[in-house]
>>> print(open('upload00.txt').read())   # compact mmCIF, C-alpha atoms
# COMPACT_ATOMS: atom_id res chain seq x y z
CA MET A 1 90.78 18.52 -34.42
CA GLN A 2 92.78 19.18 -37.57
CA ALA A 3 95.60 21.69 -37.18
CA VAL A 4 93.95 25.09 -37.27
CA ASN A 5 95.24 28.50 -36.41
CA TYR A 6 93.08 31.27 -34.99
CA ALA A 7 93.11 34.94 -35.88
CA ARG A 8 90.95 37.71 -34.47
CA ALA A 9 90.02 40.28 -37.11
CA THR A 10 90.31 43.91 -36.00
CA ASP A 11 88.04 45.37 -38.70
CA VAL A 12 86.29 44.34 -41.92
CA ASP A 13 89.34 45.01 -44.10
CA ASP A 14 91.51 42.97 -41.73
CA ALA A 15 89.05 40.07 -42.03
CA ILE A 16 89.22 40.28 -45.84
CA ARG A 17 93.03 40.38 -45.73
CA LEU A 18 93.22 37.38 -43.38
CA LEU A 19 90.82 35.40 -45.56
CA SER A 20 92.59 36.36 -48.80
CA GLU A 21 96.05 35.54 -47.47
CA GLY A 22 94.76 32.38 -45.81
CA GLY A 23 93.53 30.97 -49.10
CA GLU A 24 90.72 28.52 -49.66
CA ASN A 25 91.06 26.80 -46.28
CA ALA A 26 90.67 30.01 -44.29
CA ARG A 27 87.16 30.23 -42.88
CA VAL A 28 85.12 32.89 -41.15
CA LEU A 29 84.39 32.00 -37.52
CA ALA A 30 81.08 33.38 -36.28
CA GLY A 31 79.34 31.19 -33.66
CA GLY A 32 81.29 28.11 -34.73
CA THR A 33 78.38 25.75 -34.11
CA ASP A 34 78.70 24.33 -37.63
CA LEU A 35 82.28 25.24 -38.56
CA ILE A 36 84.11 23.96 -35.45
CA VAL A 37 82.26 20.64 -35.65
CA GLN A 38 82.92 20.33 -39.41
CA ALA A 39 86.62 21.08 -38.86
CA ARG A 40 86.84 18.54 -36.03
CA GLU A 41 85.04 15.85 -38.02
CA ARG A 42 87.10 16.73 -41.12
CA LYS A 43 84.05 17.48 -43.19
CA ARG A 44 85.69 20.72 -44.24
CA LYS A 45 89.40 21.37 -44.67
CA VAL A 46 90.14 24.32 -42.41
CA ASP A 47 93.54 25.70 -41.46
CA LEU A 48 92.68 29.23 -40.36
CA LEU A 49 89.71 30.45 -38.35
CA VAL A 50 89.09 34.18 -38.80
CA ASP A 51 87.05 35.33 -35.79
CA VAL A 52 84.92 38.33 -36.73
CA LYS A 53 83.01 38.70 -33.45
CA HIS A 54 85.16 41.55 -32.16
CA VAL A 55 84.30 43.78 -35.13
CA GLU A 56 81.19 45.85 -34.49
CA GLU A 57 79.79 45.74 -38.02
CA PHE A 58 79.48 41.94 -37.86
CA MET A 59 77.64 42.19 -34.52
CA VAL A 60 75.05 44.91 -35.15
CA LEU A 61 71.34 44.67 -34.52
CA GLU A 62 69.77 47.91 -35.72
CA PHE A 63 66.15 48.69 -36.45
CA ASP A 64 64.69 51.84 -37.93
CA SER A 65 61.03 51.92 -38.96
CA SER A 66 61.89 53.79 -42.16
CA THR A 67 64.97 51.82 -43.24
CA GLY A 68 64.32 48.39 -41.75
CA LEU A 69 66.44 45.88 -39.87
CA LYS A 70 70.16 45.21 -40.11
CA VAL A 71 71.55 42.05 -38.47
CA GLY A 72 75.31 41.50 -38.29
CA ALA A 73 76.52 38.26 -39.83
CA ALA A 74 77.77 37.06 -36.42
CA THR A 75 75.08 38.58 -34.16
CA PRO A 76 73.97 35.63 -32.00
CA LEU A 77 70.45 34.29 -32.42
CA TYR A 78 69.43 34.94 -28.80
CA GLN A 79 69.93 38.66 -29.43
CA VAL A 80 67.88 38.50 -32.62
CA TYR A 81 64.85 36.74 -31.14
CA GLY A 82 65.17 38.60 -27.84
CA ASP A 83 64.92 42.00 -29.50
CA ASN A 84 61.56 43.75 -29.16
CA ASN A 85 61.72 45.38 -32.59
CA VAL A 86 62.36 41.98 -34.16
CA LYS A 87 59.51 40.41 -32.18
CA ILE A 88 57.05 43.09 -33.26
CA ASN A 89 58.11 43.63 -36.86
CA TYR A 90 59.82 40.42 -38.02
CA PRO A 91 58.19 37.54 -36.10
CA ALA A 92 59.10 35.11 -38.90
CA LEU A 93 62.74 35.57 -37.82
CA VAL A 94 61.70 34.61 -34.29
CA ASP A 95 59.86 31.53 -35.64
CA ALA A 96 63.10 30.27 -37.20
CA SER A 97 65.82 31.47 -34.84
CA THR A 98 64.20 29.99 -31.71
CA VAL A 99 64.27 26.46 -33.13
CA ILE A 100 67.86 26.35 -34.39
CA GLY A 101 69.54 23.95 -31.95
CA GLY A 102 69.05 24.43 -28.22
CA LYS A 103 69.82 27.37 -25.93
CA ALA A 104 73.56 26.67 -25.87
CA ILE A 105 73.60 26.80 -29.69
CA GLN A 106 71.49 29.96 -29.84
CA GLY A 107 73.98 31.72 -27.56
CA ARG A 108 76.52 31.54 -30.39
CA ALA A 109 74.89 30.67 -33.74
CA SER A 110 73.96 33.48 -36.14
CA LEU A 111 71.84 34.23 -39.21
CA GLY A 112 75.01 34.96 -41.19
CA GLY A 113 76.49 31.63 -40.13
CA ASN A 114 73.32 29.78 -41.06
CA LEU A 115 73.42 31.45 -44.49
CA GLY A 116 77.17 30.96 -44.99
CA ASN A 117 76.88 27.29 -44.05
CA SER A 118 74.36 27.06 -46.90
CA SER A 119 72.63 23.88 -45.81
CA PRO A 120 69.44 23.31 -47.83
CA ALA A 121 67.75 22.71 -44.46
CA GLY A 122 69.12 25.84 -42.75
CA ASP A 123 66.11 26.96 -40.73
CA SER A 124 66.50 30.71 -41.04
CA LEU A 125 66.99 30.75 -44.80
CA ALA A 126 63.39 30.52 -46.01
CA ALA A 127 62.37 33.05 -43.33
CA MET A 128 65.05 35.50 -44.48
CA ILE A 129 64.07 35.00 -48.13
CA VAL A 130 60.39 35.82 -47.63
CA LEU A 131 61.29 38.85 -45.50
CA GLY A 132 63.27 40.22 -48.45
CA GLY A 133 66.64 39.72 -46.76
CA VAL A 134 69.71 40.93 -48.62
CA ALA A 135 73.25 39.91 -47.66
CA THR A 136 75.93 42.59 -47.82
CA ILE A 137 79.15 40.88 -48.83
CA ALA A 138 82.62 42.41 -48.48
CA GLY A 139 85.71 41.24 -50.32
CA PRO A 140 88.97 42.28 -51.96
CA ASN A 141 87.01 44.05 -54.73
CA GLY A 142 84.70 46.00 -52.45
CA ARG A 143 81.14 45.35 -51.40
CA ARG A 144 78.16 43.82 -53.16
CA GLU A 145 74.64 42.89 -52.22
CA VAL A 146 73.07 39.48 -52.85
CA PRO A 147 69.45 38.61 -52.01
CA VAL A 148 69.31 35.67 -49.59
CA GLY A 149 67.26 33.74 -52.17
CA GLU A 150 70.16 33.92 -54.66
CA PHE A 151 72.96 33.19 -52.18
CA CYS A 152 73.05 29.38 -52.03
CA THR A 153 74.14 27.44 -55.11
CA GLY A 154 74.16 23.88 -53.74
CA PRO A 155 74.44 21.97 -50.47
CA GLY A 156 77.17 23.81 -48.53
CA GLN A 157 77.92 25.96 -51.57
CA ASN A 158 77.24 29.63 -52.25
CA VAL A 159 78.16 32.70 -54.23
CA LEU A 160 81.04 33.80 -51.96
CA GLU A 161 84.31 34.21 -53.84
CA SER A 162 87.78 33.83 -52.35
CA GLY A 163 88.37 36.46 -49.66
CA GLU A 164 84.69 37.40 -49.43
CA LEU A 165 82.46 37.24 -46.36
CA ILE A 166 78.99 38.27 -45.26
CA VAL A 167 79.05 41.45 -43.18
CA TYR A 168 75.36 41.85 -42.39
CA ILE A 169 71.91 40.96 -43.62
CA SER A 170 69.35 43.70 -44.08
CA PHE A 171 65.57 43.51 -44.23
CA PRO A 172 63.24 46.15 -45.66
CA PRO A 173 60.88 48.04 -43.35
CA VAL A 174 57.49 46.50 -42.66
CA GLY A 175 54.57 48.32 -44.28
CA ASP A 176 50.82 48.34 -43.65
CA GLY A 177 48.96 45.18 -44.58
CA GLU A 178 52.09 43.00 -44.44
CA GLY A 179 52.67 39.83 -42.44
CA ALA A 180 55.06 36.88 -42.50
CA ALA A 181 55.57 33.49 -40.89
CA TRP A 182 57.88 30.48 -41.03
CA GLU A 183 57.31 26.91 -39.94
CA ARG A 184 59.08 23.57 -40.21
CA PHE A 185 58.10 19.96 -39.73
CA ILE A 186 60.17 17.68 -37.50
CA PRO A 187 58.94 14.44 -35.93
CA ARG A 188 59.61 15.75 -32.41
CA ASN A 189 59.31 19.09 -30.62
CA GLU A 190 62.85 20.49 -30.71
CA MET A 191 66.52 19.84 -31.47
CA ASP A 192 66.14 18.39 -34.94
CA ILE A 193 66.85 19.19 -38.57
CA ALA A 194 63.84 20.12 -40.71
CA VAL A 195 62.18 17.42 -42.80
CA ALA A 196 60.76 20.38 -44.71
CA SER A 197 60.11 24.05 -43.98
CA ALA A 198 58.27 26.97 -45.54
CA GLY A 199 58.05 30.70 -45.15
CA ALA A 200 55.36 33.09 -46.39
CA TRP A 201 55.12 36.86 -46.63
CA VAL A 202 51.92 38.51 -47.85
CA LYS A 203 50.67 42.04 -48.42
CA ILE A 204 46.93 42.54 -48.42
CA GLU A 205 45.09 45.66 -49.57
CA ASP A 206 41.29 45.93 -49.74
CA GLY A 207 40.88 42.19 -49.20
CA SER A 208 43.17 41.14 -52.05
CA VAL A 209 46.75 39.95 -52.03
CA THR A 210 48.81 42.63 -53.76
CA ASP A 211 52.21 41.05 -53.16
CA ALA A 212 53.58 37.80 -51.75
CA ARG A 213 56.75 35.79 -51.30
CA ILE A 214 56.92 32.07 -50.54
CA ALA A 215 60.11 30.08 -49.88
CA LEU A 216 60.80 26.44 -49.06
CA GLY A 217 63.58 24.69 -47.15
CA ALA A 218 64.89 21.09 -47.15
CA VAL A 219 63.03 20.14 -50.33
CA ALA A 220 65.84 20.77 -52.86
CA ALA A 221 69.61 21.20 -53.06
CA THR A 222 69.17 24.85 -52.01
CA PRO A 223 66.38 26.79 -50.32
CA LEU A 224 63.78 27.53 -53.01
CA VAL A 225 62.11 30.80 -53.91
CA ALA A 226 58.60 29.60 -54.78
CA SER A 227 57.60 32.34 -57.23
CA ASP A 228 54.78 30.25 -58.71
CA ALA A 229 53.21 29.89 -55.27
CA ALA A 230 53.40 33.64 -54.73
CA GLU A 231 51.90 34.25 -58.20
CA ALA A 232 48.98 32.00 -57.25
CA LEU A 233 48.11 34.50 -54.52
CA ILE A 234 48.86 37.86 -56.09
CA GLY A 235 45.86 39.73 -57.44
CA ARG A 236 43.37 37.39 -55.85
CA PRO A 237 41.20 37.57 -52.75
CA LEU A 238 42.58 35.39 -49.99
CA THR A 239 40.26 32.38 -49.96
CA ASP A 240 40.78 28.74 -49.01
CA GLU A 241 40.94 28.05 -52.73
CA THR A 242 43.75 30.51 -53.48
CA ILE A 243 45.70 29.35 -50.44
CA SER A 244 45.33 25.75 -51.60
CA SER A 245 46.49 26.62 -55.12
CA ALA A 246 49.56 28.34 -53.66
CA GLY A 247 50.26 25.16 -51.67
CA ASP A 248 49.95 23.08 -54.85
CA ALA A 249 52.32 25.41 -56.69
CA ALA A 250 54.87 25.16 -53.86
CA SER A 251 54.63 21.37 -53.87
CA ALA A 252 55.10 21.32 -57.64
CA ILE A 253 58.47 23.07 -57.54
CA ALA A 254 59.82 21.01 -54.63
CA ARG A 255 62.57 18.63 -55.76
CA PRO A 256 63.26 16.70 -52.57
CA ILE A 257 65.21 13.55 -51.94
CA THR A 258 64.35 10.52 -49.85
CA ASP A 259 66.65 10.13 -46.86
CA MET A 260 66.44 9.06 -43.23
CA ARG A 261 64.45 12.19 -42.35
CA GLY A 262 61.68 11.79 -44.90
CA SER A 263 60.61 10.58 -48.30
CA ILE A 264 60.06 12.49 -51.52
CA LYS A 265 56.32 11.98 -51.20
CA GLN A 266 56.22 13.20 -47.60
CA ARG A 267 58.32 16.26 -48.38
CA LYS A 268 56.20 17.22 -51.41
CA HIS A 269 53.14 16.93 -49.17
CA LEU A 270 54.79 18.98 -46.42
CA ALA A 271 55.73 21.70 -48.93
CA LYS A 272 52.02 22.18 -49.61
CA ILE A 273 50.82 21.94 -46.01
CA LEU A 274 53.53 24.18 -44.56
CA THR A 275 53.02 26.76 -47.33
CA GLU A 276 49.31 26.90 -46.58
CA ARG A 277 49.87 27.12 -42.83
CA THR A 278 52.44 29.86 -43.04
CA ILE A 279 50.24 31.90 -45.41
CA ARG A 280 47.43 31.71 -42.84
CA THR A 281 49.73 32.63 -39.96
CA ALA A 282 51.22 35.49 -42.00
CA VAL A 283 47.73 36.87 -42.60
CA GLU A 284 46.81 36.59 -38.90
CA ARG A 285 49.88 38.64 -38.06
CA ILE A 286 49.00 41.59 -40.27
CA ARG A 287 48.59 44.67 -38.09
CA MET B 1 101.47 23.17 -40.09
CA ILE B 2 101.59 22.82 -36.31
CA PRO B 3 99.49 25.41 -34.48
CA GLU B 4 101.49 27.75 -32.29
CA PRO B 5 101.13 27.43 -28.51
CA LYS B 6 99.17 30.41 -27.29
CA VAL B 7 98.52 32.00 -23.89
CA VAL B 8 94.87 32.77 -23.29
CA ASN B 9 93.89 35.21 -20.55
CA THR B 10 90.50 34.56 -19.08
CA ILE B 11 88.52 34.64 -15.87
CA ILE B 12 87.17 31.28 -14.73
CA ASN B 13 84.72 31.17 -11.84
CA GLY B 14 85.94 34.59 -10.75
CA ASP B 15 89.67 33.80 -10.84
CA SER B 16 92.05 35.22 -13.45
CA LYS B 17 93.65 32.38 -15.38
CA GLN B 18 96.35 32.21 -17.99
CA ILE B 19 96.03 29.01 -19.96
CA LEU B 20 98.68 27.73 -22.37
CA VAL B 21 96.70 26.18 -25.21
CA SER B 22 97.21 24.95 -28.72
CA GLU B 23 95.23 27.00 -31.24
CA ARG B 24 93.43 23.82 -32.24
CA ASP B 25 92.07 23.26 -28.69
CA SER B 26 88.41 23.71 -27.98
CA LEU B 27 87.44 25.47 -24.77
CA LEU B 28 86.39 22.06 -23.45
CA GLU B 29 89.85 20.63 -24.16
CA ALA B 30 91.53 23.66 -22.58
CA LEU B 31 89.45 23.29 -19.42
CA ARG B 32 89.86 19.55 -19.07
CA ASP B 33 93.30 18.82 -20.49
CA ARG B 34 95.26 22.04 -19.92
CA ILE B 35 94.09 23.10 -16.45
CA GLY B 36 92.48 19.95 -15.08
CA MET B 37 88.97 21.35 -14.68
CA THR B 38 87.13 18.16 -15.55
CA GLY B 39 83.65 19.24 -14.46
CA ALA B 40 82.52 19.93 -18.03
CA LYS B 41 82.16 16.58 -19.79
CA GLU B 42 82.78 15.49 -23.35
CA GLY B 43 79.67 13.70 -24.61
CA CYS B 44 79.04 14.01 -28.33
CA ASN B 45 81.72 16.64 -29.04
CA ASN B 46 79.47 18.10 -31.76
CA GLY B 47 77.00 20.41 -30.01
CA ASN B 48 74.10 18.01 -29.59
CA CYS B 49 74.28 16.73 -26.01
CA GLY B 50 75.08 19.71 -23.77
CA ALA B 51 77.34 17.72 -21.41
CA CYS B 52 80.08 20.35 -21.90
CA ALA B 53 77.83 23.37 -21.29
CA VAL B 54 79.43 26.34 -19.53
CA ILE B 55 78.50 29.99 -19.26
CA MET B 56 80.62 32.36 -21.34
CA ASP B 57 80.13 36.09 -20.77
CA GLY B 58 76.70 35.40 -19.32
CA ARG B 59 75.47 33.09 -22.08
CA LEU B 60 75.09 29.34 -22.04
CA VAL B 61 77.39 27.74 -24.65
CA ASN B 62 78.63 24.27 -25.51
CA SER B 63 82.34 24.46 -24.72
CA CYS B 64 83.09 21.85 -27.41
CA CYS B 65 81.86 24.39 -29.97
CA VAL B 66 84.06 27.24 -28.72
CA MET B 67 87.75 27.51 -29.60
CA ALA B 68 90.00 28.05 -26.57
CA ALA B 69 91.61 31.01 -28.32
CA GLU B 70 88.21 32.68 -28.55
CA VAL B 71 87.87 33.12 -24.79
CA GLU B 72 90.73 35.62 -24.57
CA GLY B 73 89.24 38.40 -22.45
CA SER B 74 86.08 36.46 -21.62
CA GLU B 75 84.57 35.31 -18.34
CA ILE B 76 83.72 31.65 -18.00
CA MET B 77 81.63 29.93 -15.36
CA THR B 78 81.86 26.16 -15.06
CA VAL B 79 80.09 23.68 -12.83
CA GLU B 80 83.05 23.99 -10.42
CA GLY B 81 81.90 27.56 -9.77
CA LEU B 82 78.36 26.64 -8.81
CA ALA B 83 78.86 25.65 -5.16
CA SER B 84 80.30 28.00 -2.56
CA ARG B 85 83.13 26.75 -0.36
CA ASP B 86 80.76 25.48 2.31
CA GLU B 87 77.55 24.74 0.53
CA LEU B 88 76.23 23.15 -2.63
CA HIS B 89 74.09 25.26 -4.93
CA PRO B 90 70.34 24.61 -4.41
CA LEU B 91 70.20 22.96 -7.86
CA GLN B 92 72.96 20.53 -6.86
CA THR B 93 71.23 19.76 -3.56
CA GLU B 94 67.91 19.16 -5.27
CA PHE B 95 69.43 16.97 -8.00
CA LEU B 96 70.94 14.84 -5.21
CA ASP B 97 67.86 14.72 -2.99
CA ASN B 98 65.60 13.94 -5.95
CA ALA B 99 67.99 11.40 -7.53
CA ALA B 100 67.97 13.37 -10.77
CA LEU B 101 71.02 11.52 -12.03
CA GLN B 102 72.38 8.03 -12.46
CA CYS B 103 75.73 7.83 -14.20
CA GLY B 104 76.25 11.58 -13.81
CA ILE B 105 77.94 12.35 -17.12
CA CYS B 106 75.17 14.69 -18.23
CA THR B 107 74.75 16.30 -14.80
CA PRO B 108 77.27 19.18 -15.04
CA GLY B 109 75.68 20.25 -18.33
CA PHE B 110 72.18 20.01 -16.92
CA LEU B 111 73.23 22.00 -13.86
CA MET B 112 74.76 24.80 -15.94
CA SER B 113 71.82 24.86 -18.34
CA SER B 114 69.34 24.91 -15.43
CA TYR B 115 71.35 27.66 -13.74
CA ALA B 116 71.25 29.73 -16.95
CA LEU B 117 67.49 29.16 -17.19
CA LEU B 118 66.83 30.36 -13.64
CA GLN B 119 69.09 33.38 -14.16
CA GLU B 120 66.99 34.43 -17.14
CA ASN B 121 63.59 33.17 -15.98
CA PRO B 122 63.36 32.58 -12.20
CA ASN B 123 59.84 31.14 -12.48
CA PRO B 124 59.72 28.93 -15.56
CA THR B 125 56.76 26.74 -16.42
CA GLU B 126 57.29 23.03 -16.94
CA GLU B 127 57.05 23.54 -20.70
CA GLU B 128 59.58 26.40 -20.67
CA THR B 129 61.92 24.24 -18.60
CA ARG B 130 61.60 21.27 -20.94
CA PHE B 131 62.29 23.42 -24.01
CA TRP B 132 65.21 25.19 -22.34
CA LEU B 133 66.80 21.88 -21.37
CA ALA B 134 66.15 20.29 -24.79
CA GLY B 135 69.81 20.80 -25.67
CA ASN B 136 70.91 18.51 -22.83
CA LEU B 137 70.69 14.77 -23.28
CA CYS B 138 70.43 12.17 -20.51
CA ARG B 139 70.57 8.52 -21.49
CA CYS B 140 69.87 6.89 -18.13
CA THR B 141 67.58 8.61 -15.64
CA GLY B 142 65.33 10.29 -18.15
CA TYR B 143 64.10 13.80 -17.75
CA ASP B 144 61.20 13.92 -15.30
CA LYS B 145 63.31 14.01 -12.13
CA ILE B 146 65.58 16.63 -13.64
CA ILE B 147 62.65 18.83 -14.65
CA GLU B 148 61.01 18.34 -11.24
CA SER B 149 64.25 19.34 -9.50
CA VAL B 150 64.59 22.56 -11.48
CA LEU B 151 60.95 23.48 -10.84
CA THR B 152 61.34 22.72 -7.12
CA VAL B 153 64.35 25.04 -6.89
CA ALA B 154 62.47 27.73 -8.82
CA LYS B 155 59.58 27.55 -6.37
CA GLY B 156 62.09 27.96 -3.52
>>> encode(input="upload00.txt", output="structure tokens")
Amino acid sequence: MQAVNYARATDVDDAIRLLSEGGENARVLAGGTDLIVQARERKRKVDLLVDVKHVEEFMVLEFDSSTGLKVGAATPLYQVYGDNNVKINYPALVDASTVIGGKAIQGRASLGGNLGNSSPAGDSLAAMIVLGGVATIAGPNGRREVPVGEFCTGPGQNVLESGELIVYISFPPVGDGEGAAWERFIPRNEMDIAVASAGAWVKIEDGSVTDARIALGAVAATPLVASDAAEALIGRPLTDETISSAGDAASAIARPITDMRGSIKQRKHLAKILTERTIRTAVERIR
Amino acid sequence: MIPEPKVVNTIINGDSKQILVSERDSLLEALRDRIGMTGAKEGCNNGNCGACAVIMDGRLVNSCCVMAAEVEGSEIMTVEGLASRDELHPLQTEFLDNAALQCGICTPGFLMSSYALLQENPNPTEEETRFWLAGNLCRCTGYDKIIESVLTVAKG
């Protein structure tokens, strides 16, 4: 392990101060399942770990049917997918958070950590995007809100400025006629990084799609908001044909690479198939 | 910059411990190298293999992915805490009787992960058991005997 020091933040302002004073190599420590490994393997230069898990605002899990869901940036995944309100109202978050690593990872890893790590393949990202997730960011100049779909700027890169950190991620309340789902493809059953993933959120009124959001993971340098795929659904009745055209639109915007996990051709194909599947699952889940 | 030595106060297997660590130590390094508790094993050292699994404040974690300084005020259970003074834990007995190990490096992690499973779900199905133990890797015996052992213990 490179030489790192550890500091336990006492509140949000203390975390901002520690990060600001620590400079560019000070990092926020949530579950550590990415950061500690990256520091050990010298993939990131880290000299100060700022542990935020003893500050309540980073650890919240609050649901209110009129205001929605608020998940602290360091709230561990097992709490998220184990929560009844999440299971009932935001099953797409359960889809994603139950397949990130194994049980020993889920005891520590968090949605905020997955977002802050900003891997294009981060499993929860497409799910959070289609659910309308918004990250509340705190920093030396106060707070700002950034939609999850606008957070990542490249592999491992994001909009956070020096001294800034994610405090929580909020999701709007779930209305009538709405459903969402997320799915990934891996060549085994568990413990793997997505070859490709997709999330879908749809709102259906009187048999027609009145609103939709589609997002893709692991098919570009960042998670993708697939607006064209959503547009292919909106204003149309939900038929096999419209679902297929949404899948085609998703595939068209995918800009994947070929690597050991999959080829460009396979990932473009998966973008279509996973988009179609998640649309169908999202519709089945409408209450 | 050399990290400062730091005293960490924790409870391990029910006993209060003060451990003098470096701030760069992982929990796994603190257990093994600072206080000689070598039950938890270092396999991959990156969160994939589960050989270092311990229970921290009631949750299964990979101790290679926890900083030692983080456990200030926490309660840790390691494989050394599984058996009582006189008797092995039923999981340990069943792993032995069923030959659910060969080289044994993965065994402490499997035991802690299986223990955590049965704490949360005393009657798991085979599929639930396989998914729960997916974060533990064995490279010699394979998994069937391990899964069978856990299911046998669950059935009592």
>>> residues_around(input="upload00.txt", residues="segment 98-115 of chain A", least_positions_apart="6", cutoff="9 Å", atoms="all atoms listed in the file", output="PyMOL selection string")
(chain A and resi 28-35+58+71-81+122-125+128+135+148+151-152+158+166-169+190-193) or (chain B and resi 47-48+50+53-55+59-62+65-66+113+131-136)
>>> residues_near_point(input="upload00.txt", point="(93.8, 35.5, -21.6)", cutoff="9 Å", atoms="all atoms listed in the file", output="list in words")
Val7, Val8, Asn9, Thr10, Ile11, Ser16, Lys17, Gln18, Ile19, Ala69, Val71, Glu72, Gly73 and Ser74 of chain B
>>> closest_residue(input="upload00.txt", among="B:Ala99, B:Asp15, B:Cys44, B:Arg85", to="chain A", atoms="all atoms listed in the file")
B:Cys44
>>> residues_around(input="upload00.txt", residues="Glu62 of chain A", least_positions_apart="2", cutoff="10 Å", atoms="only C-alpha atoms", output="list in words")
Met59, Val60, Asp64, Thr67, Gly68, Leu69, Lys70, Val71, Gly72, Asp83, Asn85, Val86 and Ser170 of chain A
>>> atom_distance(input="upload00.txt", atom1="atom CA of Gly43 of chain B", atom2="atom CA of Gly142 of chain B")
16.1 Å
>>> residues_near_point(input="upload00.txt", point="(76.8, 26.2, -14.2)", cutoff="6 Å", atoms="only C-alpha atoms", output="JSON, numbers by chain")
{"B": [54, 78, 79, 82, 111, 112, 115]}
>>> closest_residue(input="upload00.txt", among="A:Thr153, A:Asn5, A:Thr278, A:Ser245", to="Gly22 of chain A", atoms="all atoms listed in the file")
A:Asn5
>>> closest_residue(input="upload00.txt", among="A:Val159, A:Val130, A:Leu48, A:Ile257", to="chain B", atoms="all atoms listed in the file")
A:Leu48
>>> closest_residue(input="upload00.txt", among="B:Gln92, B:Ser114, B:Ser84, B:Asn98", to="chain A", atoms="all atoms listed in the file")
B:Ser114
>>> atom_distance(input="upload00.txt", atom1="atom CA of Gly81 of chain B", atom2="atom CA of Leu117 of chain B")
16.3 Å
>>> closest_residue(input="upload00.txt", among="B:Met67, B:Ile147, B:Leu88, B:Ile105", to="chain A", atoms="all atoms listed in the file")
B:Met67
>>> residues_around(input="upload00.txt", residues="Thr125 of chain B", least_positions_apart="2", cutoff="12 Å", atoms="only C-alpha atoms", output="list in words")
Leu117, Leu118, Asn121, Pro122, Asn123, Glu127, Glu128, Thr129, Arg130, Phe131, Trp132, Ile147, Glu148, Val150, Leu151, Thr152, Ala154 and Lys155 of chain B
>>> decode(input="upload00.txt", residues="segment 69-87 of chain B", atoms="C-alpha atoms", output="short mmCIF file (atom, residue, chain, number, x, y, z; two decimals), in the first residue's frame")
data_model
loop_
_atom_site.label_atom_id
_atom_site.label_comp_id
_atom_site.auth_asym_id
_atom_site.auth_seq_id
_atom_site.Cartn_x
_atom_site.Cartn_y
_atom_site.Cartn_z
CA ALA B 69 -8.04 2.69 11.05
CA GLU B 70 -11.68 2.30 10.00
CA VAL B 71 -12.43 -0.33 12.64
CA GLU B 72 -11.98 2.09 15.55
CA GLY B 73 -15.06 1.42 17.67
CA SER B 74 -16.17 -1.58 15.62
CA GLU B 75 -16.72 -5.22 16.51
CA ILE B 76 -14.93 -7.82 14.42
CA MET B 77 -15.50 -11.56 14.28
CA THR B 78 -12.84 -13.71 12.66
CA VAL B 79 -12.63 -17.42 12.01
CA GLU B 80 -10.78 -17.74 15.34
CA GLY B 81 -14.04 -16.77 17.03
CA LEU B 82 -16.12 -19.48 15.40
CA ALA B 83 -15.30 -22.44 17.66
CA SER B 84 -15.94 -22.44 21.39
CA ARG B 85 -13.12 -23.50 23.71
CA ASP B 86 -14.20 -27.14 23.67
CA GLU B 87 -16.00 -27.62 20.42
#
